[in-house]
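Next comes run_25.cif, with mmCIF, C-alpha atoms.
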```cif
data_entry
#
loop_
_atom_site.label_atom_id
_atom_site.label_comp_id
_atom_site.auth_asym_id
_atom_site.auth_seq_id
_atom_site.Cartn_x
_atom_site.Cartn_y
_atom_site.Cartn_z
CA MET A 1237 44.27 -6.97 -15.51
CA ARG A 1238 43.02 -3.47 -16.05
CA ASP A 1239 41.34 -1.78 -13.04
CA ARG A 1240 37.98 -0.86 -14.53
CA ILE A 1241 36.28 0.17 -11.28
CA SER A 1242 38.74 3.02 -10.74
CA HIS A 1243 37.63 4.55 -14.04
CA ILE A 1244 33.91 4.54 -13.17
CA PRO A 1245 32.64 8.11 -12.55
CA ASP A 1246 31.54 9.01 -9.01
CA GLU A 1247 27.98 9.61 -10.19
CA LEU A 1248 27.67 6.03 -11.44
CA LEU A 1249 29.25 4.58 -8.30
CA LEU A 1250 26.81 6.53 -6.14
CA HIS A 1251 23.96 5.21 -8.25
CA ILE A 1252 25.17 1.65 -7.64
CA LEU A 1253 25.57 2.27 -3.91
CA SER A 1254 21.97 3.53 -3.79
CA SER A 1255 20.50 0.29 -5.13
CA LYS A 1256 17.67 -1.51 -3.32
CA SER A 1257 19.89 -4.33 -2.12
CA LEU A 1258 22.34 -2.09 -0.24
CA GLN A 1259 21.52 -0.53 3.11
CA THR A 1260 23.53 2.34 4.51
CA LYS A 1261 25.51 0.05 6.81
CA ASP A 1262 26.76 -1.84 3.75
CA VAL A 1263 27.54 1.38 1.89
CA VAL A 1264 29.63 2.78 4.74
CA ALA A 1265 31.63 -0.45 4.79
CA THR A 1266 32.94 0.36 1.29
CA SER A 1267 35.02 3.18 2.78
CA VAL A 1268 37.83 0.68 3.55
CA LEU A 1269 38.34 -0.21 -0.11
CA SER A 1270 40.63 2.69 -1.02
CA LYS A 1271 41.31 6.38 -0.42
CA ARG A 1272 38.79 7.28 -3.11
CA TRP A 1273 36.05 5.26 -1.45
CA ARG A 1274 36.80 6.65 2.01
CA SER A 1275 34.63 9.71 1.53
CA LEU A 1276 32.66 8.75 -1.58
CA TRP A 1277 29.64 7.60 0.43
CA HIS A 1278 29.38 11.07 2.04
CA SER A 1279 27.47 12.12 -1.09
CA ILE A 1280 25.11 9.15 -1.13
CA PRO A 1281 21.52 10.17 -2.04
CA LYS A 1282 19.89 7.24 -0.21
CA LEU A 1283 20.02 6.62 3.54
CA GLU A 1284 18.35 3.45 4.85
CA PHE A 1285 18.62 2.47 8.51
CA LEU A 1286 17.25 -0.80 9.95
CA ASP A 1287 17.92 -1.45 13.62
CA GLN A 1288 17.70 -5.23 13.14
CA ARG A 1289 21.03 -5.11 11.33
CA PHE A 1290 22.72 -4.27 14.66
CA ASP A 1291 23.36 -6.56 17.62
CA ARG A 1292 22.95 -3.71 20.11
CA TYR A 1293 20.38 -0.93 19.83
CA GLU A 1294 22.89 1.57 21.25
CA SER A 1295 25.20 0.77 18.33
CA PHE A 1296 22.37 1.47 15.92
CA LEU A 1297 21.70 4.90 17.47
CA GLN A 1298 25.40 5.77 17.39
CA PHE A 1299 25.72 4.65 13.76
CA VAL A 1300 22.82 6.83 12.59
CA ASP A 1301 24.22 9.82 14.52
CA ALA A 1302 27.69 9.37 13.03
CA THR A 1303 26.37 8.86 9.50
CA LEU A 1304 24.25 12.01 9.55
CA ASN A 1305 27.20 13.99 10.90
CA LEU A 1306 29.41 12.91 7.99
CA VAL A 1307 27.03 12.79 5.05
CA ASP A 1308 26.41 15.86 2.91
CA PRO A 1309 22.80 16.86 3.74
CA LYS A 1310 22.33 18.43 0.32
CA SER A 1311 22.86 15.06 -1.37
CA VAL A 1312 20.18 13.14 0.59
CA LYS A 1313 17.04 12.51 -1.46
CA MET A 1314 15.76 9.33 0.19
CA PHE A 1315 15.53 8.54 3.91
CA VAL A 1316 14.23 5.23 5.28
CA LEU A 1317 14.07 4.48 9.01
CA LYS A 1318 12.69 1.17 10.33
CA CYS A 1319 12.92 0.53 14.06
CA GLU A 1320 11.81 -2.91 15.26
CA ARG A 1321 13.23 -2.56 18.79
CA ILE A 1322 12.37 1.03 19.64
CA GLU A 1323 10.13 -0.07 22.51
CA GLU A 1324 13.19 -1.10 24.54
CA TYR A 1325 14.67 2.40 24.31
CA TYR A 1326 11.56 4.49 23.68
CA GLU A 1327 12.44 7.63 25.65
CA VAL A 1328 15.97 8.02 24.29
CA SER A 1329 14.79 7.20 20.76
CA LEU A 1330 12.21 10.01 20.63
CA GLY A 1331 14.81 12.76 20.80
CA LYS A 1332 17.02 10.93 18.32
CA VAL A 1333 14.28 10.46 15.73
CA ASP A 1334 13.27 14.11 15.97
CA SER A 1335 16.89 15.22 15.51
CA TRP A 1336 17.46 12.87 12.55
CA LEU A 1337 14.35 14.05 10.76
CA ASN A 1338 15.16 17.72 11.23
CA THR A 1339 18.61 17.03 9.75
CA VAL A 1340 17.44 15.28 6.58
CA LEU A 1341 14.55 17.69 6.06
CA LYS A 1342 17.11 20.46 5.52
CA SER A 1343 17.94 18.81 2.20
CA LYS A 1344 15.62 18.58 -0.77
CA LEU A 1345 14.27 15.26 0.42
CA GLU A 1346 12.03 13.44 -2.07
CA TYR A 1347 11.30 10.12 -0.35
CA LEU A 1348 10.60 9.59 3.35
CA ASN A 1349 9.65 6.22 4.86
CA LEU A 1350 9.25 5.90 8.65
CA TRP A 1351 8.25 2.52 10.07
CA PHE A 1352 7.75 1.72 13.75
CA PRO A 1353 6.29 -1.47 15.26
CA ASN A 1354 3.22 -2.07 17.37
CA GLY A 1355 4.66 -2.24 20.88
CA TYR A 1356 4.39 -5.47 22.84
CA TYR A 1357 3.84 -3.71 26.17
CA PHE A 1358 2.28 -0.45 24.95
CA LEU A 1359 1.25 1.19 21.70
CA ILE A 1360 4.12 2.98 20.04
CA ARG A 1361 3.19 6.16 18.19
CA VAL A 1362 6.29 8.23 17.58
CA PRO A 1363 5.52 11.98 17.42
CA LEU A 1364 6.57 13.70 14.21
CA PRO A 1365 7.97 17.20 13.73
CA SER A 1366 5.52 19.42 11.85
CA THR A 1367 8.27 20.30 9.34
CA ILE A 1368 7.59 17.00 7.56
CA PHE A 1369 4.33 18.40 6.26
CA LYS A 1370 5.99 21.57 4.99
CA CYS A 1371 8.64 19.88 2.86
CA ARG A 1372 7.98 21.13 -0.64
CA SER A 1373 10.26 18.58 -2.31
CA ILE A 1374 8.79 15.33 -0.92
CA ARG A 1375 7.21 13.16 -3.60
CA ILE A 1376 6.72 9.93 -1.64
CA LEU A 1377 5.72 9.85 2.04
CA LYS A 1378 5.15 6.58 3.91
CA LEU A 1379 4.40 6.65 7.64
CA ALA A 1380 3.61 3.70 9.91
CA ARG A 1381 2.64 3.98 13.59
CA VAL A 1382 3.44 7.62 14.18
CA ASN A 1383 1.62 10.46 15.91
CA VAL A 1384 0.65 13.63 14.07
CA SER A 1385 -0.01 16.21 16.78
CA ASP A 1386 0.43 19.58 15.06
CA LEU A 1387 -1.00 19.91 11.57
CA SER A 1388 -2.06 23.53 11.40
CA ASP A 1389 -0.11 24.14 8.19
CA VAL A 1390 0.51 21.82 5.23
CA ASN A 1391 2.63 22.55 2.17
CA LEU A 1392 3.31 19.44 0.08
CA PRO A 1393 3.04 20.63 -3.54
CA SER A 1394 5.18 17.77 -4.93
CA LEU A 1395 3.60 14.84 -3.05
CA LYS A 1396 2.36 12.05 -5.32
CA THR A 1397 2.35 9.02 -3.00
CA LEU A 1398 0.97 8.97 0.55
CA HIS A 1399 0.80 5.82 2.72
CA LEU A 1400 -0.52 6.15 6.28
CA THR A 1401 -0.68 2.99 8.40
CA ASN A 1402 -1.89 3.14 12.03
CA VAL A 1403 -1.20 6.87 12.14
CA GLU A 1404 -2.74 8.80 15.04
CA PHE A 1405 -4.32 12.18 14.29
CA PRO A 1406 -5.62 14.69 16.88
CA ASN A 1407 -8.92 14.94 14.98
CA PRO A 1408 -10.45 14.07 11.59
CA GLU A 1409 -10.10 17.69 10.45
CA SER A 1410 -6.30 17.35 10.54
CA LEU A 1411 -6.48 14.47 8.09
CA ALA A 1412 -8.88 16.46 5.90
CA LEU A 1413 -6.43 19.37 5.83
CA LEU A 1414 -3.58 17.06 4.85
CA LEU A 1415 -5.47 15.39 2.00
CA SER A 1416 -6.94 18.62 0.67
CA LYS A 1417 -3.44 20.09 0.31
CA CYS A 1418 -2.09 17.14 -1.67
CA VAL A 1419 -3.18 18.48 -5.02
CA ARG A 1420 -0.89 16.21 -7.10
CA LEU A 1421 -1.59 13.00 -5.18
CA GLU A 1422 -1.67 9.84 -7.33
CA GLU A 1423 -1.45 7.03 -4.74
CA LEU A 1424 -3.24 6.90 -1.41
CA LEU A 1425 -3.19 4.20 1.26
CA LEU A 1426 -5.07 4.79 4.52
CA LEU A 1427 -5.07 1.83 6.89
CA GLY A 1428 -5.98 1.71 10.58
CA LEU A 1429 -6.08 5.47 11.15
CA GLU A 1430 -6.63 6.49 14.77
CA PHE A 1431 -8.58 9.41 16.21
CA PRO A 1432 -9.37 10.31 19.84
CA ASP A 1433 -12.38 8.39 21.15
CA ASP A 1434 -12.63 6.65 17.75
CA GLU A 1435 -14.16 9.83 16.38
CA VAL A 1436 -14.98 9.39 12.68
CA THR A 1437 -16.84 11.87 10.52
CA THR A 1438 -17.24 12.33 6.79
CA LEU A 1439 -14.50 14.67 5.64
CA ASN A 1440 -14.78 17.38 3.05
CA ILE A 1441 -11.54 17.14 1.07
CA GLY A 1442 -12.76 18.22 -2.35
CA LYS A 1443 -11.86 15.99 -5.27
CA LEU A 1444 -8.49 14.31 -5.71
CA HIS A 1445 -8.35 14.80 -9.46
CA ASN A 1446 -4.98 13.10 -10.04
CA LEU A 1447 -5.56 10.05 -7.84
CA VAL A 1448 -4.95 6.74 -9.64
CA ILE A 1449 -4.66 4.11 -6.88
CA ALA A 1450 -6.55 4.12 -3.57
CA PHE A 1451 -6.71 1.72 -0.62
CA VAL A 1452 -9.10 3.53 1.71
CA PRO A 1453 -11.89 3.25 4.30
CA VAL A 1454 -15.08 4.49 2.66
CA GLU A 1455 -16.54 6.14 5.75
CA LEU A 1456 -13.98 8.96 5.79
CA PHE A 1457 -15.02 10.94 2.74
CA PRO A 1458 -17.59 10.99 -0.08
CA MET A 1459 -16.83 8.59 -2.91
CA GLU A 1460 -16.93 11.51 -5.32
CA ALA A 1461 -13.57 12.62 -3.89
CA ILE A 1462 -11.80 9.56 -5.31
CA SER A 1463 -13.97 8.81 -8.34
CA ASN A 1464 -11.11 9.34 -10.82
CA VAL A 1465 -9.13 6.29 -9.65
CA THR A 1466 -8.15 3.33 -11.79
CA PHE A 1467 -7.39 0.92 -8.91
CA LEU A 1468 -9.55 0.87 -5.79
CA CYS A 1469 -9.75 -1.22 -2.62
CA LEU A 1470 -12.50 -0.51 -0.10
CA HIS A 1471 -11.61 -2.22 3.17
CA LYS A 1472 -14.97 -2.20 4.90
CA HIS A 1473 -17.62 -4.88 4.81
CA ASN A 1474 -20.81 -4.33 2.79
CA VAL A 1475 -20.18 -0.72 1.85
CA PHE A 1476 -22.61 -0.68 -1.05
CA GLY A 1477 -25.78 -0.65 0.99
CA ASP A 1478 -24.69 2.34 3.08
CA TYR A 1479 -22.98 4.73 0.65
CA GLU A 1480 -23.81 6.41 -2.63
CA PHE A 1481 -21.46 5.66 -5.49
CA PRO A 1482 -21.00 8.12 -8.33
CA ALA A 1483 -19.79 6.94 -11.71
CA PHE A 1484 -16.17 5.74 -11.67
CA TYR A 1485 -15.45 6.09 -15.38
CA ASN A 1486 -11.74 5.23 -15.10
CA LEU A 1487 -11.98 2.31 -12.68
CA SER A 1488 -10.60 -0.94 -14.06
CA HIS A 1489 -9.67 -2.78 -10.83
CA LEU A 1490 -11.94 -3.09 -7.78
CA GLU A 1491 -11.28 -5.02 -4.58
CA ILE A 1492 -13.96 -5.19 -1.89
CA TYR A 1493 -14.85 -6.96 1.33
CA LEU A 1494 -18.33 -8.49 1.44
CA GLY A 1495 -20.31 -10.09 4.23
CA GLN A 1496 -23.16 -12.51 3.83
CA ASN A 1497 -25.67 -9.96 2.54
CA GLY A 1498 -23.25 -7.87 0.53
CA TRP A 1499 -23.46 -9.26 -2.99
CA THR A 1500 -27.01 -8.13 -3.76
CA SER A 1501 -26.32 -4.48 -2.90
CA MET A 1502 -22.93 -4.56 -4.64
CA PHE A 1503 -24.47 -6.01 -7.80
CA SER A 1504 -26.87 -3.07 -7.97
CA CYS A 1505 -23.88 -0.67 -7.87
CA LEU A 1506 -21.86 -2.32 -10.65
CA PRO A 1507 -23.30 0.03 -13.33
CA SER A 1508 -21.28 2.77 -11.58
CA PHE A 1509 -18.10 1.04 -12.79
CA PRO A 1510 -18.68 0.76 -16.56
CA LYS A 1511 -15.05 -0.11 -17.48
CA LEU A 1512 -14.30 -2.59 -14.71
CA GLU A 1513 -11.88 -5.33 -15.81
CA THR A 1514 -10.86 -6.97 -12.52
CA LEU A 1515 -13.22 -7.69 -9.62
CA ILE A 1516 -11.78 -9.17 -6.41
CA ILE A 1517 -14.19 -10.12 -3.63
CA ARG A 1518 -12.97 -11.04 -0.15
CA GLU A 1519 -15.70 -12.85 1.74
CA SER A 1520 -16.34 -12.69 5.46
CA GLY A 1521 -18.99 -14.88 7.00
CA LYS A 1522 -20.80 -17.94 5.73
CA GLY A 1523 -20.94 -17.37 2.02
CA LEU A 1524 -22.65 -14.72 -0.06
CA ASP A 1525 -26.39 -14.30 -0.24
CA TRP A 1526 -27.79 -13.33 -3.64
CA LEU A 1527 -31.51 -12.83 -4.14
CA MET A 1528 -31.20 -13.21 -7.90
CA GLU A 1529 -34.06 -12.16 -10.12
CA THR A 1530 -35.25 -14.50 -12.83
CA SER A 1531 -33.50 -12.46 -15.55
CA PRO A 1532 -31.37 -9.79 -13.90
CA ASP A 1533 -30.00 -6.98 -16.04
CA VAL A 1534 -26.37 -7.53 -16.84
CA PRO A 1535 -24.19 -4.56 -15.86
CA PRO A 1536 -22.18 -3.22 -18.82
CA CYS A 1537 -18.88 -3.88 -17.04
CA ILE A 1538 -19.67 -7.62 -16.84
CA SER A 1539 -21.02 -7.97 -20.34
CA SER A 1540 -18.27 -6.02 -22.10
CA HIS A 1541 -15.17 -5.45 -19.95
CA LEU A 1542 -14.70 -7.93 -17.09
CA LYS A 1543 -11.58 -10.06 -17.64
CA THR A 1544 -10.72 -11.35 -14.15
CA PHE A 1545 -13.11 -12.44 -11.41
CA VAL A 1546 -11.64 -13.45 -8.04
CA LEU A 1547 -13.62 -14.89 -5.12
CA LEU A 1548 -11.61 -15.30 -1.91
CA GLY A 1549 -13.15 -17.21 0.99
CA PHE A 1550 -15.40 -19.47 -1.10
CA SER A 1551 -17.53 -21.57 1.28
CA TYR A 1552 -19.58 -23.76 -1.12
CA SER A 1553 -22.89 -21.93 -0.59
CA GLN A 1554 -25.54 -22.19 -3.29
CA SER A 1555 -25.44 -18.44 -3.90
CA GLU A 1556 -21.70 -18.56 -4.54
CA PHE A 1557 -22.16 -21.19 -7.23
CA GLU A 1558 -24.94 -19.10 -8.79
CA ILE A 1559 -22.74 -16.00 -8.79
CA VAL A 1560 -19.87 -17.79 -10.52
CA ARG A 1561 -22.27 -19.33 -13.04
CA PHE A 1562 -23.79 -15.93 -13.80
CA ILE A 1563 -20.38 -14.30 -14.31
CA MET A 1564 -19.23 -17.08 -16.63
CA MET A 1565 -22.44 -16.98 -18.66
CA LYS A 1566 -22.56 -13.20 -19.11
CA ALA A 1567 -18.93 -12.00 -19.29
CA THR A 1568 -18.02 -11.96 -22.97
CA VAL A 1569 -14.29 -11.21 -22.56
CA LEU A 1570 -13.65 -13.12 -19.33
CA ARG A 1571 -10.19 -14.70 -19.11
CA SER A 1572 -9.82 -15.90 -15.51
CA VAL A 1573 -12.09 -17.10 -12.71
CA ILE A 1574 -10.06 -17.55 -9.54
CA ILE A 1575 -11.60 -19.30 -6.53
CA TRP A 1576 -9.87 -19.62 -3.19
CA THR A 1577 -11.44 -21.63 -0.38
CA GLY A 1578 -8.70 -21.06 2.18
CA ASN A 1579 -8.97 -24.70 3.20
CA TYR A 1580 -5.37 -25.86 3.12
CA SER A 1581 -6.26 -29.19 4.73
CA SER A 1582 -8.67 -30.19 1.97
CA HIS A 1583 -7.72 -33.13 -0.18
CA GLU A 1584 -6.73 -32.75 -3.80
CA ALA A 1585 -9.83 -34.73 -4.74
CA GLU A 1586 -12.04 -32.07 -3.16
CA ARG A 1587 -10.29 -29.29 -5.06
CA LEU A 1588 -10.58 -31.17 -8.33
CA ASN A 1589 -14.26 -31.87 -7.69
CA LEU A 1590 -14.95 -28.14 -7.25
CA LEU A 1591 -12.93 -27.36 -10.35
CA GLU A 1592 -14.89 -29.95 -12.32
CA THR A 1593 -18.23 -28.50 -11.16
CA LEU A 1594 -17.28 -24.94 -12.12
CA SER A 1595 -15.82 -26.09 -15.44
CA SER A 1596 -19.15 -27.67 -16.37
CA TYR A 1597 -20.87 -24.25 -16.38
CA PRO A 1598 -21.54 -22.69 -19.79
CA LYS A 1599 -19.01 -20.01 -20.71
CA CYS A 1600 -19.68 -16.96 -22.83
CA SER A 1601 -15.94 -16.50 -23.33
CA GLN A 1602 -14.05 -19.47 -24.72
CA ASP A 1603 -10.80 -17.93 -23.48
CA CYS A 1604 -11.86 -18.25 -19.85
CA SER A 1605 -9.73 -20.40 -17.51
CA ILE A 1606 -10.76 -21.50 -14.01
CA PHE A 1607 -8.36 -21.77 -11.07
CA VAL A 1608 -9.17 -23.26 -7.66
CA ASP A 1609 -6.84 -22.81 -4.67
CA VAL A 1610 -3.89 -21.88 -6.84
CA PRO A 1611 -1.42 -19.41 -5.21
CA SER A 1612 -3.09 -16.10 -6.01
CA GLY A 1613 0.11 -14.10 -6.31
CA SER A 1614 0.91 -15.87 -9.55
CA LEU A 1615 -2.46 -15.01 -11.10
CA TYR A 1616 -3.40 -11.47 -10.08
CA GLN A 1617 -2.15 -8.52 -8.09
CA ASN A 1618 -4.35 -6.94 -5.48
CA VAL A 1619 -4.48 -3.21 -4.78
CA TYR A 1620 -2.29 -3.39 -1.67
CA CYS A 1621 0.47 -5.28 -3.50
CA LYS A 1622 0.25 -2.79 -6.33
CA LEU A 1623 0.56 0.07 -3.88
CA VAL A 1624 3.64 -1.24 -2.12
CA SER A 1625 5.40 -2.10 -5.39
CA HIS A 1626 4.10 0.68 -7.67
CA LYS A 1627 6.64 3.24 -8.86
CA ASP A 1628 9.33 2.16 -6.47
CA PHE A 1629 11.76 4.97 -5.73
CA SER A 1630 15.46 4.49 -6.31
CA TYR A 1631 18.56 6.25 -7.57
#
```
Could you show the structure in this file as structure tokens?
Amino acid sequence: MRDRISHIPDELLLHILSSKSLQTKDVVATSVLSKRWRSLWHSIPKLEFLDQRFDRYESFLQFVDATLNLVDPKSVKMFVLKCERIEEYYEVSLGKVDSWLNTVLKSKLEYLNLWFPNGYYFLIRVPLPSTIFKCRSIRILKLARVNVSDLSDVNLPSLKTLHLTNVEFPNPESLALLLSKCVRLEELLLLGLEFPDDEVTTLNIGKLHNLVIAFVPVELFPMEAISNVTFLCLHKHNVFGDYEFPAFYNLSHLEIYLGQNGWTSMFSCLPSFPKLETLIIRESGKGLDWLMETSPDVPPCISSHLKTFVLLGFSYSQSEFEIVRFIMMKATVLRSVIIWTGNYSSHEAERLNLLETLSSYPKCSQDCSIFVDVPSGSLYQNVYCKLVSHKDFSY
């Protein structure tokens, strides 16, 4: 049989070795296949290190050291480091991480993903070298549970995706500087940011004109800064009564957290989202409270654009039934109403009874389908899922 693999160009083999399913440990193992493969992986553009793939943490540290000593730094475009067990060897790991990052940052790195766990005995926030924020080639930057101590200078002209999860900043101004310098930013996730003494102020970051997807806390900056987005998740309860919302002319997908008194104030803000197609509400508390007028004005987004309405945390309150009825009666292009009670112990008869009640409501759109306690992942995609899967980076 003809040996077809031997005739595959190196560029194509390197592309295969950089696939999602292969981690660097697996790639290095191919060096035993033949003389050609012995050094082929030295030009691999993707390096992905997960300490859980090693029985001993010392072996993991030695493997990363050896790999970075052998690989051609100029070829590295993607670097992923996920350390589940760093707490056991915290002191020795700090110097290693700093050295590894300084090595890969010498290349024209385009993707950097650093993930560290929440420590069991103490909070782990790994300090980062300031050179990360001066890497002109980085397009995607994802940081989880790290410490940003020195941010006096930022130069990230290529950055399009920024995810910050439980990242510790010395002050809010450092975050403002970072965001204001990301002029090409398209995706932004800010979750659990930490400041000394829980200091939080409204930041002046200008307007992020290219931003498309945002998963952000609303108290950090004026809504005008992100008003160009198409997908938006605001992870704070009852934001609409406390903040002014400009017009979001491009917004088609909104996900919000509402407490008991949140619906009324949110309803009054819906005219700010004239092209809204998907509305996802996550309830907290004992149902939603809606002081509905006799004939409330119907926001244009509901009457002309809304296609998917999702209510998570449904608790059978009268206001919730009225809200669903109103949406179904007024949304002319509605396709899906998705209700999730979160009550896994409820009997099928109870679910069917709720479905029957909602199905009896008059519908403005004959194409509308109603789903009760159906796995949500099969019906819609929330902003967070879209963020973590959107424009995945590979070679």
Exercise. Which residues match the PyMOL selection byres ((chain A and resi 1443) around 8) in the file above, as a PyMOL selection string?
Worked result: chain A and resi 1441-1442+1444-1445+1460-1462
Problem set entry | Two-atom distance - CA of Asp1533 (chain A), CA of Leu1490 (chain A) (Å) | 20.2 Å
Exercise. Do you know which residues are at most 7 Å from Val1340 (chain A) counting all atoms listed in the file, after dropping those on the same chain fewer than 5 positions away, and could you put them as a list in words?
Worked result: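 Selected residues are Pro1309, Val1312 and Leu1345 of chain A.
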Suppose we keep C-alpha atoms; can you now write the selection as a JSON list (two decimals), keeping the file's coordinate frame?
```
[["chain", "number", "residue", "atom", "x", "y", "z"],
["A", 1309, "PRO", "CA", 22.80, 16.86, 3.74],
["A", 1312, "VAL", "CA", 20.18, 13.14, 0.59],
["A", 1345, "LEU", "CA", 14.27, 15.26, 0.42]]
```
For this session: Give as a PyMOL selection string the residues that the PyMOL selection byres ((chain A and resi 1470) around 9) matches when applied to the coordinates above.
Result: chain A and resi 1450-1454+1468-1469+1471-1473+1475+1490-1493
Using all atoms listed in the file, which residues sit within 7 Å of region 1512-1518 of chain A once same-chain residues fewer than 6 positions away are excluded, as a short mmCIF file (atom, residue, chain, number, x, y, z; two decimals) with C-alpha atoms, in the coordinates of the input?
```cif
data_model
loop_
_atom_site.label_atom_id
_atom_site.label_comp_id
_atom_site.auth_asym_id
_atom_site.auth_seq_id
_atom_site.Cartn_x
_atom_site.Cartn_y
_atom_site.Cartn_z
CA LEU A 1487 -11.98 2.31 -12.68
CA SER A 1488 -10.60 -0.94 -14.06
CA HIS A 1489 -9.67 -2.78 -10.83
CA LEU A 1490 -11.94 -3.09 -7.78
CA GLU A 1491 -11.28 -5.02 -4.58
CA ILE A 1492 -13.96 -5.19 -1.89
CA TYR A 1493 -14.85 -6.96 1.33
CA LEU A 1494 -18.33 -8.49 1.44
CA CYS A 1537 -18.88 -3.88 -17.04
CA HIS A 1541 -15.17 -5.45 -19.95
CA LEU A 1542 -14.70 -7.93 -17.09
CA LYS A 1543 -11.58 -10.06 -17.64
CA THR A 1544 -10.72 -11.35 -14.15
CA PHE A 1545 -13.11 -12.44 -11.41
CA VAL A 1546 -11.64 -13.45 -8.04
CA LEU A 1547 -13.62 -14.89 -5.12
CA LEU A 1548 -11.61 -15.30 -1.91
CA GLY A 1549 -13.15 -17.21 0.99
#
```
For this session: Tell me which residues the PyMOL selection byres ((chain A and resi 1377-1394) around 9) grabs here, as a ChimeraX atom specification.
Result: /A:1346-1354,1359-1376,1395-1406,1410-1411,1413-1414,1417-1421
Exercise. Of the candidates A:Glu1558, A:Asn1305, A:Val1608, A:Ile1563, which one gets nearest to Asn1579 (chain A) if we count all atoms listed in the file?
Worked result: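 Between A:Glu1558, A:Asn1305, A:Val1608, A:Ile1563, the residue approaching Asn1579 (chain A) most closely is A:Val1608.
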Problem set entry | CA of Thr1568 (chain A) to CA of Lys1511 (chain A), distance in Å rounded to a single decimal |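 Going from CA of Thr1568 (chain A) over to CA of Lys1511 (chain A) covers 13.4 Å.
Among the candidates A:Ser1295, A:Thr1466, A:Thr1437, A:Ser1329, the residue lying nearest to Glu1423 (chain A) is A:Thr1466 (atoms considered: only C-alpha atoms).
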For this session: Choose the residue, out of A:Ser1551, A:Leu1439, A:Leu1594, A:Ala1585, that has the smallest atom-to-atom separation from Glu1409 (chain A); count all atoms listed in the file.
Result: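 Smallest separation from Glu1409 (chain A) among the options: A:Leu1439.
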For this session: Could you please determine the separation between CA of Tyr1485 (chain A) and CA of Met1565 (chain A) in Å, to one decimal place?
Result: 24.3 Å
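The closest residue to Arg1587 (chain A), picked from A:Pro1281, A:Gln1288, A:Val1534, A:Phe1550 and counting only C-alpha atoms, is A:Phe1550.
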Problem set entry | Best match for closeness to Lys1599 (chain A) among A:Phe1299, A:Val1560, A:Thr1577, A:Ser1555, counting all atoms listed in the file |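 Among the listed residues, the smallest separation from Lys1599 (chain A) belongs to A:Val1560.
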